[in-house]
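Data block below; observations after.
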Amino acid sequence: METRFSNTSERYKNIISQSSLLCSGSPAVYQLRPQEQKFGTLTRKTVGEKNQKKTNKTILLVGESGAGKSTLINSLFNYTIGVKFDHNIWFEIVEKENRSQSESQTSDVIVYEIFGFEDETLPYSLTIIDTPGFNSTRGIKHDVTISQRLLDLFRSEDGVHELNAVGLVMKATDNRLSDRLMYVFNSVTSLFGKDLENKIVALITHSNGRKPKNALQALEAAKIKCVTKKNQPVHFLFDNCLNEERTEEEEEDLKHADKTTVSGMSQFTDFVEKTSPQKLEKTVNVLNNRIRLTACIQNLEDRIKLIELRQTEIKQTQEALKKHEEEMKNKKFTIEVDEVYKDKEPINGGMRLVFYQAAVTCSVCEENCHYPGCTMAWYPKHCEVMYRGRCTSCSGKCPVSAHVKEKWIYVTKTRKVEKTLEELKAKYEENNAESEKNLSLLETLEEKMETLKTEKNQLLEEAYQHVVSLEQIALNVDSVSTHVQLDFLIQRMKEKGDTEKVRKLEEMERRVDEGTRAALQYMRGQLTAAGKEVKKLM
């Protein structure tokens with residue numbers, strides 16, 4: 001035994017020298033200390049030196065918190081460097097999370113690079129992208145942040161620009177189609193463009209080596225767009241206990257676990273080897289469009305609601321004028337209306353280590369251009385809603401210079417005010433041209449109503465086009481993030497009487513599968529629970 005350990009120590013001498021001993025048992029477990037580099041919100045951890053002449057393959061791992069992603073990455077590292085069961089040694093490249101809550105809430109996307117071992121097991125070097133787990137205790141806001149982190153990674157000059165495989169990590173014990181699991185599936189697939197459909201495979205952890213029938217049925221029922229073979233999702237099996245203490249009683253079981261994992265690793269890395277890299281332009285486009293879509297529709301909703309409040313104010317004025325036609329001859333005649341105005345309202349936010357949580361607003365249009373969700377940009381010019389120096393969200397599509405990022409938003413409010421006849425004329429006859437028409441005030445108000453109606457219809461058309469354009473590129477357009485916008489659009493399009501667009505939107509809503517419905521149900525449950533917790537604290 002001592003001789004065998006001595007030989008093993010010699011074999012992995014260089015790696016051990018870059019590691020800390022965690023456990024001297026069987027196997028001996030070492031925590032690797034890779035070179036670490038921060039770039040923006042991202043972290044890169046590198047072992048070895050990259051050889052530009054050698055092929056590199058890149059794998060992205062996504063999944064739920066607790067699915068065994070960290071152990072799978074450790075297994076991939078040990079397999080890559082040639083660790084065998086009888087070597088009685090184990091390396092952990094993933095650092096166990098032992099950080100404060102505030103730090104945990106900003107967990108990075110971590111890029112692991114494994115260079116210099118191309119002649120051990122694999123004919124290529126390996127890059128593994130580890131994403132923070134979906135559905136963690138950190139909540140839905142954290143899940144949204146994951147897509148923003150990936151967008152940073154894919155569009156950064158120092159980031160990753162192509163993928164060979166996307167591994168959807170799930171437990172073999174995920175044996176039913178729960179709302180929770182559907183939420184995770186939906187969150188994952190909504191990140192990608194259609195160009196990645198033939199790269200997504202299932203990585204089944206905590207496996208005993210048998211076919212995971214229930215987990216596969218869950219995948220099929222969720223209609224996950226992924227690689228299939230013989231009408232079944234392509235999947236690979238892994239056990240998660242190879243770093244456990246090897247007692248005499250359990251050695252045979254652990255050997256069987258090793259056999260399962262080695263077989264899964266061999267099959268998966270062979271799949272990766274044969275898979276050509278996919279450029280990520282379309283996925284970056286999807287991520288950007290999702291952010292812009294949500295921001296623009298939120299902005300459009302605010303503007304449409306503002307128009308509706310203004311229409312209500314005009315309607316109140318019209319009704320009052322018709323009701324008190326005789327009294328209008330008195331110049332001091334007044335009526336009470338709900339006057340619409342805008343105000344600034346503080347929001348929760350501020351600096352959080354590597355990001356700044358606030359709202360991007362336009363000082364010219366007095367509109368919210370990106371809120372909620374703007375966390376990654378320190379300045380408006382870096383915000384996702386900016387394109388070629390102008391905002392894609394506000395009504396004036398104003399230049400970046402007209403925007404600020406602060407801890408407040410514009411809110412539309414109403415207040416009871418009394419207006420005289422002269423004040424009403426001054427308000428609605430905005431220029432001499434209108435006055436010269438010699439229209440009565442009632443006729444002027446009718447014109448204003450028609451103008452607001454036209455403007456509202458234009459905003460609805462703009463929101464509709466956002467949804468249509470996203471559908472053309474996204475792998476999963478019927479995601480939770482898109483679906484929450486459909487109800488608003490359908491209701492307003494019905495009011496407008498645009499039956500063709502209502503049909504299209506309702507068709508999209510009907511097409512939402514059980515998975516997305518379950519995801520919505522789960523998300524609403526989580527938001528309700530979160531709301532109850534907030535009330536307890538108040």
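We name chains A, B, ... following the order of the structure tokens; residues begin at 1 in each chain, and ligands are numbered from 1 as shown.
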
Shell of 12 Å around Glu120 (chain A), only C-alpha atoms, local chain residues under 3 positions omitted, as number ranges by chain: A: 11, 77-84, 115-117, 123-125

Those residues with N, CA and C atoms, as a short mmCIF file (atom, residue, chain, number, x, y, z; two decimals), in the first residue's frame please?
data_model
loop_
_atom_site.label_atom_id
_atom_site.label_comp_id
_atom_site.auth_asym_id
_atom_site.auth_seq_id
_atom_site.Cartn_x
_atom_site.Cartn_y
_atom_site.Cartn_z
N ARG A 11 3.75 10.22 -9.43
CA ARG A 11 3.04 10.44 -10.70
C ARG A 11 2.38 11.82 -10.74
N PHE A 77 -12.17 16.59 -14.06
CA PHE A 77 -10.77 16.95 -13.90
C PHE A 77 -9.93 15.70 -13.64
N ASN A 78 -10.36 14.86 -12.71
CA ASN A 78 -9.60 13.65 -12.39
C ASN A 78 -9.50 12.72 -13.59
N TYR A 79 -10.59 12.61 -14.35
CA TYR A 79 -10.58 11.77 -15.55
C TYR A 79 -9.61 12.33 -16.58
N THR A 80 -9.62 13.65 -16.75
CA THR A 80 -8.77 14.31 -17.75
C THR A 80 -7.28 14.10 -17.45
N ILE A 81 -6.90 14.17 -16.17
CA ILE A 81 -5.47 14.06 -15.83
C ILE A 81 -5.03 12.60 -15.65
N GLY A 82 -6.00 11.66 -15.80
CA GLY A 82 -5.63 10.24 -15.80
C GLY A 82 -5.73 9.52 -14.48
N VAL A 83 -6.44 10.09 -13.49
CA VAL A 83 -6.58 9.41 -12.18
C VAL A 83 -7.44 8.16 -12.34
N LYS A 84 -6.91 7.04 -11.81
CA LYS A 84 -7.64 5.77 -11.81
C LYS A 84 -8.02 5.41 -10.36
N PHE A 115 -5.19 22.42 -18.98
CA PHE A 115 -4.22 22.34 -20.07
C PHE A 115 -3.06 21.41 -19.68
N GLY A 116 -2.43 20.85 -20.72
CA GLY A 116 -1.19 20.11 -20.52
C GLY A 116 -1.36 18.62 -20.26
N PHE A 117 -2.58 18.09 -20.35
CA PHE A 117 -2.80 16.66 -20.07
C PHE A 117 -3.38 15.94 -21.29
N PRO A 123 -7.58 13.57 -26.13
CA PRO A 123 -6.70 14.16 -27.16
C PRO A 123 -6.85 15.67 -27.27
N TYR A 124 -7.51 16.27 -26.30
CA TYR A 124 -7.74 17.71 -26.34
C TYR A 124 -7.67 18.28 -24.91
N SER A 125 -7.41 19.59 -24.82
CA SER A 125 -7.51 20.26 -23.53
C SER A 125 -8.98 20.61 -23.30
#

Contacts of Glu301 (chain A) within 9 Å, only C-alpha atoms, excl. fewer than 4 positions in-chain, as an NGL selection string: :A and (296-297 or 305-306 or 459-460 or 463 or 488)

Selected residues written out, C-alpha atoms, as a PDB file, in the first residue's frame:
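Contents of again35.pdb, as written:
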ATOM      1  CA  CYS A 296     -38.707  47.588 -23.601  1.00  0.00           C
ATOM      2  CA  ILE A 297     -42.023  45.938 -22.793  1.00  0.00           C
ATOM      3  CA  LYS A 305     -50.645  52.980 -18.581  1.00  0.00           C
ATOM      4  CA  LEU A 306     -49.695  56.665 -18.632  1.00  0.00           C
ATOM      5  CA  LEU A 459     -46.700  51.270 -28.655  1.00  0.00           C
ATOM      6  CA  LEU A 460     -48.647  48.010 -28.735  1.00  0.00           C
ATOM      7  CA  ALA A 463     -44.216  45.504 -28.115  1.00  0.00           C
ATOM      8  CA  PHE A 488     -50.726  42.267 -21.031  1.00  0.00           C
TER       9      PHE A 488
END

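Take CA of Ile409 (chain A) and CA of Lys342 (chain A): the distance between them is 10.0 Å.
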
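Residue nearest Val400 (chain A), chosen from A:Thr228, A:Thr414, A:Thr361, A:Ile314 and counting only C-alpha atoms: A:Thr361.
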
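Pairwise distance (CA of Glu461 (chain A), CA of Lys496 (chain A)) equals 10.5 Å.
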
Coordinates-based distance that separates CA of His466 (chain A) from CA of Asp152 (chain A) (Å, one decimal): 22.1 Å

Long-range neighbours of Val385 (chain A) as a ChimeraX atom specification, 7 Å cut-off, only C-alpha atoms, 6 positions minimum in chain: /A:292,370,391-393

Could you write those residues out with N, CA and C atoms, as a PDB file, in the first residue's frame?
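Contents of again.pdb, as written:
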ATOM      1  N   ARG A 292     -33.402  43.145 -23.553  1.00  0.00           N
ATOM      2  CA  ARG A 292     -34.027  44.313 -24.186  1.00  0.00           C
ATOM      3  C   ARG A 292     -35.544  44.147 -24.278  1.00  0.00           C
ATOM      4  N   HIS A 370     -34.455  50.791 -18.122  1.00  0.00           N
ATOM      5  CA  HIS A 370     -34.084  49.426 -17.720  1.00  0.00           C
ATOM      6  C   HIS A 370     -34.248  49.313 -16.205  1.00  0.00           C
ATOM      7  N   CYS A 391     -30.551  54.641 -26.826  1.00  0.00           N
ATOM      8  CA  CYS A 391     -31.392  53.742 -26.030  1.00  0.00           C
ATOM      9  C   CYS A 391     -32.411  53.054 -26.934  1.00  0.00           C
ATOM     10  N   THR A 392     -32.612  51.754 -26.713  1.00  0.00           N
ATOM     11  CA  THR A 392     -33.620  51.018 -27.486  1.00  0.00           C
ATOM     12  C   THR A 392     -34.969  51.014 -26.776  1.00  0.00           C
ATOM     13  N   SER A 393     -35.039  51.623 -25.588  1.00  0.00           N
ATOM     14  CA  SER A 393     -36.220  51.496 -24.747  1.00  0.00           C
ATOM     15  C   SER A 393     -37.080  52.748 -24.683  1.00  0.00           C
TER      16      SER A 393
END

Selection: 8 Å around Cys394 (chain A), only C-alpha atoms, excl. self and same-chain fewer than 4 positions, as a ChimeraX atom specification: /A:296,299,362,365,367-369,398

Alpha helix (DSSP H) positions in region 56-86 of chain A, given as number ranges by chain: A: 69-81

Kindly save the residues from that selection, with C-alpha atoms included, as an mmCIF file, in the first residue's frame.
data_model
loop_
_atom_site.group_PDB
_atom_site.id
_atom_site.type_symbol
_atom_site.label_atom_id
_atom_site.label_comp_id
_atom_site.auth_asym_id
_atom_site.auth_seq_id
_atom_site.Cartn_x
_atom_site.Cartn_y
_atom_site.Cartn_z
ATOM 1 C CA LYS A 69 -22.441 19.872 -10.643
ATOM 2 C CA SER A 70 -19.345 20.505 -8.484
ATOM 3 C CA THR A 71 -18.651 16.804 -8.021
ATOM 4 C CA LEU A 72 -19.106 16.244 -11.744
ATOM 5 C CA ILE A 73 -16.516 18.947 -12.511
ATOM 6 C CA ASN A 74 -14.090 17.335 -10.060
ATOM 7 C CA SER A 75 -14.701 13.969 -11.733
ATOM 8 C CA LEU A 76 -14.055 15.509 -15.159
ATOM 9 C CA PHE A 77 -10.769 16.952 -13.902
ATOM 10 C CA ASN A 78 -9.599 13.648 -12.394
ATOM 11 C CA TYR A 79 -10.580 11.766 -15.546
ATOM 12 C CA THR A 80 -8.766 14.307 -17.747
ATOM 13 C CA ILE A 81 -5.474 14.064 -15.830
#

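The residue set within 10 Å of Val227 (chain A), counting only C-alpha atoms and dropping same-chain residues fewer than 4 places from it, reads Leu196, Glu197, Asn198, Lys199, Ile200, Val201, Ala202, Asn231, Gln232, Pro233, Val234 and His235 of chain A.
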
File of the preceding selection, N, CA and C atoms, as a tab-separated table (two decimals), in the first residue's frame:
chain	number	residue	atom	x	y	z
A	196	LEU	N	-27.96	26.00	-30.64
A	196	LEU	CA	-27.34	25.12	-29.63
A	196	LEU	C	-28.17	23.87	-29.34
A	197	GLU	N	-29.26	23.69	-30.08
A	197	GLU	CA	-30.12	22.54	-29.81
A	197	GLU	C	-29.37	21.22	-29.93
A	198	ASN	N	-28.45	21.13	-30.92
A	198	ASN	CA	-27.73	19.88	-31.14
A	198	ASN	C	-26.48	19.76	-30.28
A	199	LYS	N	-26.38	20.61	-29.23
A	199	LYS	CA	-25.25	20.54	-28.30
A	199	LYS	C	-25.69	20.15	-26.89
A	200	ILE	N	-27.00	20.18	-26.63
A	200	ILE	CA	-27.50	19.98	-25.27
A	200	ILE	C	-27.71	18.49	-24.99
A	201	VAL	N	-27.06	17.99	-23.93
A	201	VAL	CA	-27.20	16.60	-23.52
A	201	VAL	C	-27.46	16.55	-22.02
A	202	ALA	N	-28.01	15.44	-21.56
A	202	ALA	CA	-28.30	15.26	-20.14
A	202	ALA	C	-27.14	14.56	-19.44
A	231	ASN	N	-35.10	8.37	-30.58
A	231	ASN	CA	-36.24	9.08	-29.98
A	231	ASN	C	-36.12	9.24	-28.47
A	232	GLN	N	-34.89	9.28	-27.98
A	232	GLN	CA	-34.67	9.44	-26.54
A	232	GLN	C	-33.55	10.45	-26.31
A	233	PRO	N	-33.64	11.28	-25.26
A	233	PRO	CA	-32.57	12.25	-25.00
A	233	PRO	C	-31.23	11.54	-24.81
A	234	VAL	N	-30.19	12.05	-25.46
A	234	VAL	CA	-28.84	11.52	-25.25
A	234	VAL	C	-28.43	11.87	-23.83
A	235	HIS	N	-27.93	10.88	-23.07
A	235	HIS	CA	-27.60	11.09	-21.67
A	235	HIS	C	-26.38	10.26	-21.29

Test item: residues at most 12 Å from Glu495 (chain A), only C-alpha atoms, excluding those fewer than 6 positions along its chain, as a PyMOL selection string: chain A and resi 453+456-457+460+488-489+501-502

Print the selection's residues with N, CA and C atoms to a file, as a PDB file, in the first residue's frame.
ATOM      1  N   LYS A 453     -54.994  57.590 -28.544  1.00  0.00           N
ATOM      2  CA  LYS A 453     -55.354  56.256 -29.029  1.00  0.00           C
ATOM      3  C   LYS A 453     -54.361  55.779 -30.087  1.00  0.00           C
ATOM      4  N   LYS A 456     -51.029  54.964 -28.446  1.00  0.00           N
ATOM      5  CA  LYS A 456     -51.120  53.694 -27.720  1.00  0.00           C
ATOM      6  C   LYS A 456     -51.031  52.514 -28.681  1.00  0.00           C
ATOM      7  N   ASN A 457     -51.713  52.608 -29.812  1.00  0.00           N
ATOM      8  CA  ASN A 457     -51.664  51.536 -30.808  1.00  0.00           C
ATOM      9  C   ASN A 457     -50.252  51.334 -31.355  1.00  0.00           C
ATOM     10  N   LEU A 460     -48.270  49.426 -28.748  1.00  0.00           N
ATOM     11  CA  LEU A 460     -48.647  48.010 -28.735  1.00  0.00           C
ATOM     12  C   LEU A 460     -48.002  47.269 -29.910  1.00  0.00           C
ATOM     13  N   PHE A 488     -50.572  40.815 -20.849  1.00  0.00           N
ATOM     14  CA  PHE A 488     -50.726  42.267 -21.031  1.00  0.00           C
ATOM     15  C   PHE A 488     -51.003  42.591 -22.494  1.00  0.00           C
ATOM     16  N   LEU A 489     -50.199  42.002 -23.399  1.00  0.00           N
ATOM     17  CA  LEU A 489     -50.351  42.291 -24.827  1.00  0.00           C
ATOM     18  C   LEU A 489     -51.689  41.792 -25.370  1.00  0.00           C
ATOM     19  N   LYS A 501     -53.439  39.729 -34.622  1.00  0.00           N
ATOM     20  CA  LYS A 501     -52.349  39.699 -33.641  1.00  0.00           C
ATOM     21  C   LYS A 501     -52.791  38.996 -32.361  1.00  0.00           C
ATOM     22  N   VAL A 502     -54.064  39.160 -31.995  1.00  0.00           N
ATOM     23  CA  VAL A 502     -54.587  38.441 -30.826  1.00  0.00           C
ATOM     24  C   VAL A 502     -54.487  36.935 -31.067  1.00  0.00           C
TER      25      VAL A 502
END

Filtered DSSP result for region 278-410 of chain A, state strand (DSSP E), as a ChimeraX atom specification: /A:278-279,334-346,350-352,355-357,359-362,367-370,386-387,390-391,403-406,408-410

Can you spit out the residues from that selection as a tab-separated table (two decimals), in the first residue's frame, using N, CA and C atoms?
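Saved as out_37.tsv:
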chain	number	residue	atom	x	y	z
A	278	GLN	N	-19.62	25.39	-31.74
A	278	GLN	CA	-20.67	26.27	-32.21
A	278	GLN	C	-20.39	27.70	-31.75
A	279	LYS	N	-20.27	28.62	-32.71
A	279	LYS	CA	-20.11	30.03	-32.36
A	279	LYS	C	-21.35	30.51	-31.61
A	334	THR	N	-65.21	75.91	-12.20
A	334	THR	CA	-64.12	74.94	-11.98
A	334	THR	C	-64.68	73.52	-11.96
A	335	ILE	N	-63.82	72.59	-12.34
A	335	ILE	CA	-64.15	71.16	-12.22
A	335	ILE	C	-62.98	70.45	-11.55
A	336	GLU	N	-63.28	69.30	-10.92
A	336	GLU	CA	-62.22	68.52	-10.26
A	336	GLU	C	-61.90	67.29	-11.10
A	337	VAL	N	-60.60	67.09	-11.36
A	337	VAL	CA	-60.16	65.94	-12.16
A	337	VAL	C	-58.96	65.28	-11.48
A	338	ASP	N	-58.69	64.04	-11.90
A	338	ASP	CA	-57.48	63.33	-11.45
A	338	ASP	C	-56.35	63.67	-12.41
A	339	GLU	N	-55.55	64.65	-12.05
A	339	GLU	CA	-54.45	65.10	-12.91
A	339	GLU	C	-53.29	64.11	-12.85
A	340	VAL	N	-52.76	63.79	-14.03
A	340	VAL	CA	-51.64	62.85	-14.13
A	340	VAL	C	-50.32	63.62	-14.06
A	341	TYR	N	-49.39	63.09	-13.27
A	341	TYR	CA	-48.06	63.71	-13.21
A	341	TYR	C	-47.02	62.64	-12.91
A	342	LYS	N	-45.76	62.97	-13.12
A	342	LYS	CA	-44.66	62.04	-12.86
A	342	LYS	C	-43.86	62.50	-11.66
A	343	ASP	N	-43.37	61.51	-10.91
A	343	ASP	CA	-42.58	61.79	-9.73
A	343	ASP	C	-41.40	60.82	-9.68
A	344	LYS	N	-40.40	61.16	-8.90
A	344	LYS	CA	-39.27	60.26	-8.70
A	344	LYS	C	-39.46	59.53	-7.37
A	345	GLU	N	-39.22	58.21	-7.41
A	345	GLU	CA	-39.42	57.40	-6.22
A	345	GLU	C	-38.17	56.58	-5.95
A	346	PRO	N	-37.64	56.60	-4.71
A	346	PRO	CA	-36.43	55.83	-4.42
A	346	PRO	C	-36.68	54.33	-4.51
A	350	GLY	N	-27.95	49.69	-4.98
A	350	GLY	CA	-26.64	50.15	-4.56
A	350	GLY	C	-25.55	49.23	-5.04
A	351	MET	N	-24.37	49.42	-4.49
A	351	MET	CA	-23.20	48.65	-4.92
A	351	MET	C	-23.18	47.30	-4.24
A	352	ARG	N	-22.96	46.26	-5.04
A	352	ARG	CA	-22.85	44.90	-4.51
A	352	ARG	C	-21.59	44.26	-5.07
A	355	PHE	N	-21.17	44.57	-8.94
A	355	PHE	CA	-22.22	45.13	-9.78
A	355	PHE	C	-22.96	46.24	-9.04
A	356	TYR	N	-23.69	47.02	-9.79
A	356	TYR	CA	-24.39	48.18	-9.27
A	356	TYR	C	-25.86	48.05	-9.61
A	357	GLN	N	-26.67	47.83	-8.58
A	357	GLN	CA	-28.09	47.58	-8.77
A	357	GLN	C	-28.85	48.90	-8.68
A	359	ALA	N	-31.50	51.81	-11.45
A	359	ALA	CA	-32.34	51.92	-12.65
A	359	ALA	C	-31.70	52.88	-13.65
A	360	VAL	N	-31.74	52.50	-14.92
A	360	VAL	CA	-31.32	53.39	-15.99
A	360	VAL	C	-32.56	54.15	-16.47
A	361	THR	N	-32.51	55.49	-16.36
A	361	THR	CA	-33.66	56.31	-16.73
A	361	THR	C	-33.24	57.39	-17.72
A	362	CYS	N	-34.22	57.88	-18.47
A	362	CYS	CA	-33.97	58.93	-19.46
A	362	CYS	C	-34.48	60.27	-18.90
A	367	GLU	N	-38.53	58.63	-18.39
A	367	GLU	CA	-39.00	57.24	-18.43
A	367	GLU	C	-37.94	56.31	-17.84
A	368	ASN	N	-38.42	55.15	-17.39
A	368	ASN	CA	-37.52	54.10	-16.92
A	368	ASN	C	-37.15	53.23	-18.11
A	369	CYS	N	-35.87	53.18	-18.43
A	369	CYS	CA	-35.43	52.45	-19.63
A	369	CYS	C	-35.00	51.03	-19.31
A	370	HIS	N	-34.46	50.79	-18.12
A	370	HIS	CA	-34.08	49.43	-17.72
A	370	HIS	C	-34.25	49.31	-16.21
A	386	MET	N	-28.77	49.80	-24.39
A	386	MET	CA	-28.13	50.77	-25.27
A	386	MET	C	-27.56	50.06	-26.50
A	387	TYR	N	-27.76	50.64	-27.66
A	387	TYR	CA	-27.26	50.05	-28.91
A	387	TYR	C	-26.82	51.16	-29.84
A	390	ARG	N	-27.40	54.75	-28.58
A	390	ARG	CA	-28.74	55.25	-28.29
A	390	ARG	C	-29.52	54.20	-27.51
A	391	CYS	N	-30.55	54.64	-26.83
A	391	CYS	CA	-31.39	53.74	-26.03
A	391	CYS	C	-32.41	53.05	-26.93
A	403	HIS	N	-29.11	59.81	-20.34
A	403	HIS	CA	-29.52	58.83	-19.35
A	403	HIS	C	-28.65	58.87	-18.09
A	404	VAL	N	-29.25	58.43	-16.98
A	404	VAL	CA	-28.52	58.30	-15.72
A	404	VAL	C	-28.84	56.93	-15.14
A	405	LYS	N	-27.94	56.46	-14.28
A	405	LYS	CA	-28.22	55.24	-13.52
A	405	LYS	C	-28.17	55.60	-12.04
A	406	GLU	N	-29.35	55.62	-11.42
A	406	GLU	CA	-29.46	56.05	-10.04
A	406	GLU	C	-30.41	55.14	-9.28
A	408	TRP	N	-33.35	55.54	-8.08
A	408	TRP	CA	-34.73	56.00	-8.13
A	408	TRP	C	-35.31	55.70	-9.51
A	409	ILE	N	-36.64	55.71	-9.58
A	409	ILE	CA	-37.34	55.50	-10.85
A	409	ILE	C	-38.43	56.56	-10.99
A	410	TYR	N	-38.87	56.74	-12.24
A	410	TYR	CA	-40.03	57.58	-12.49
A	410	TYR	C	-41.29	56.77	-12.22

Shell of 8 Å around Trp90 (chain A), only C-alpha atoms, local chain residues under 4 positions omitted, as a ChimeraX atom specification: /A:27-30,78,83,243

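Among the candidates A:Ala358, A:Leu60, A:Ala257, A:Leu216, the residue lying nearest to Leu168 (chain A) is A:Leu60 (atoms considered: only C-alpha atoms).
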
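When only C-alpha atoms are used to measure the gap to Leu151 (chain A), the shortest distance among A:Asn164, A:Gln465, A:Thr261, A:Thr131 belongs to A:Thr131.
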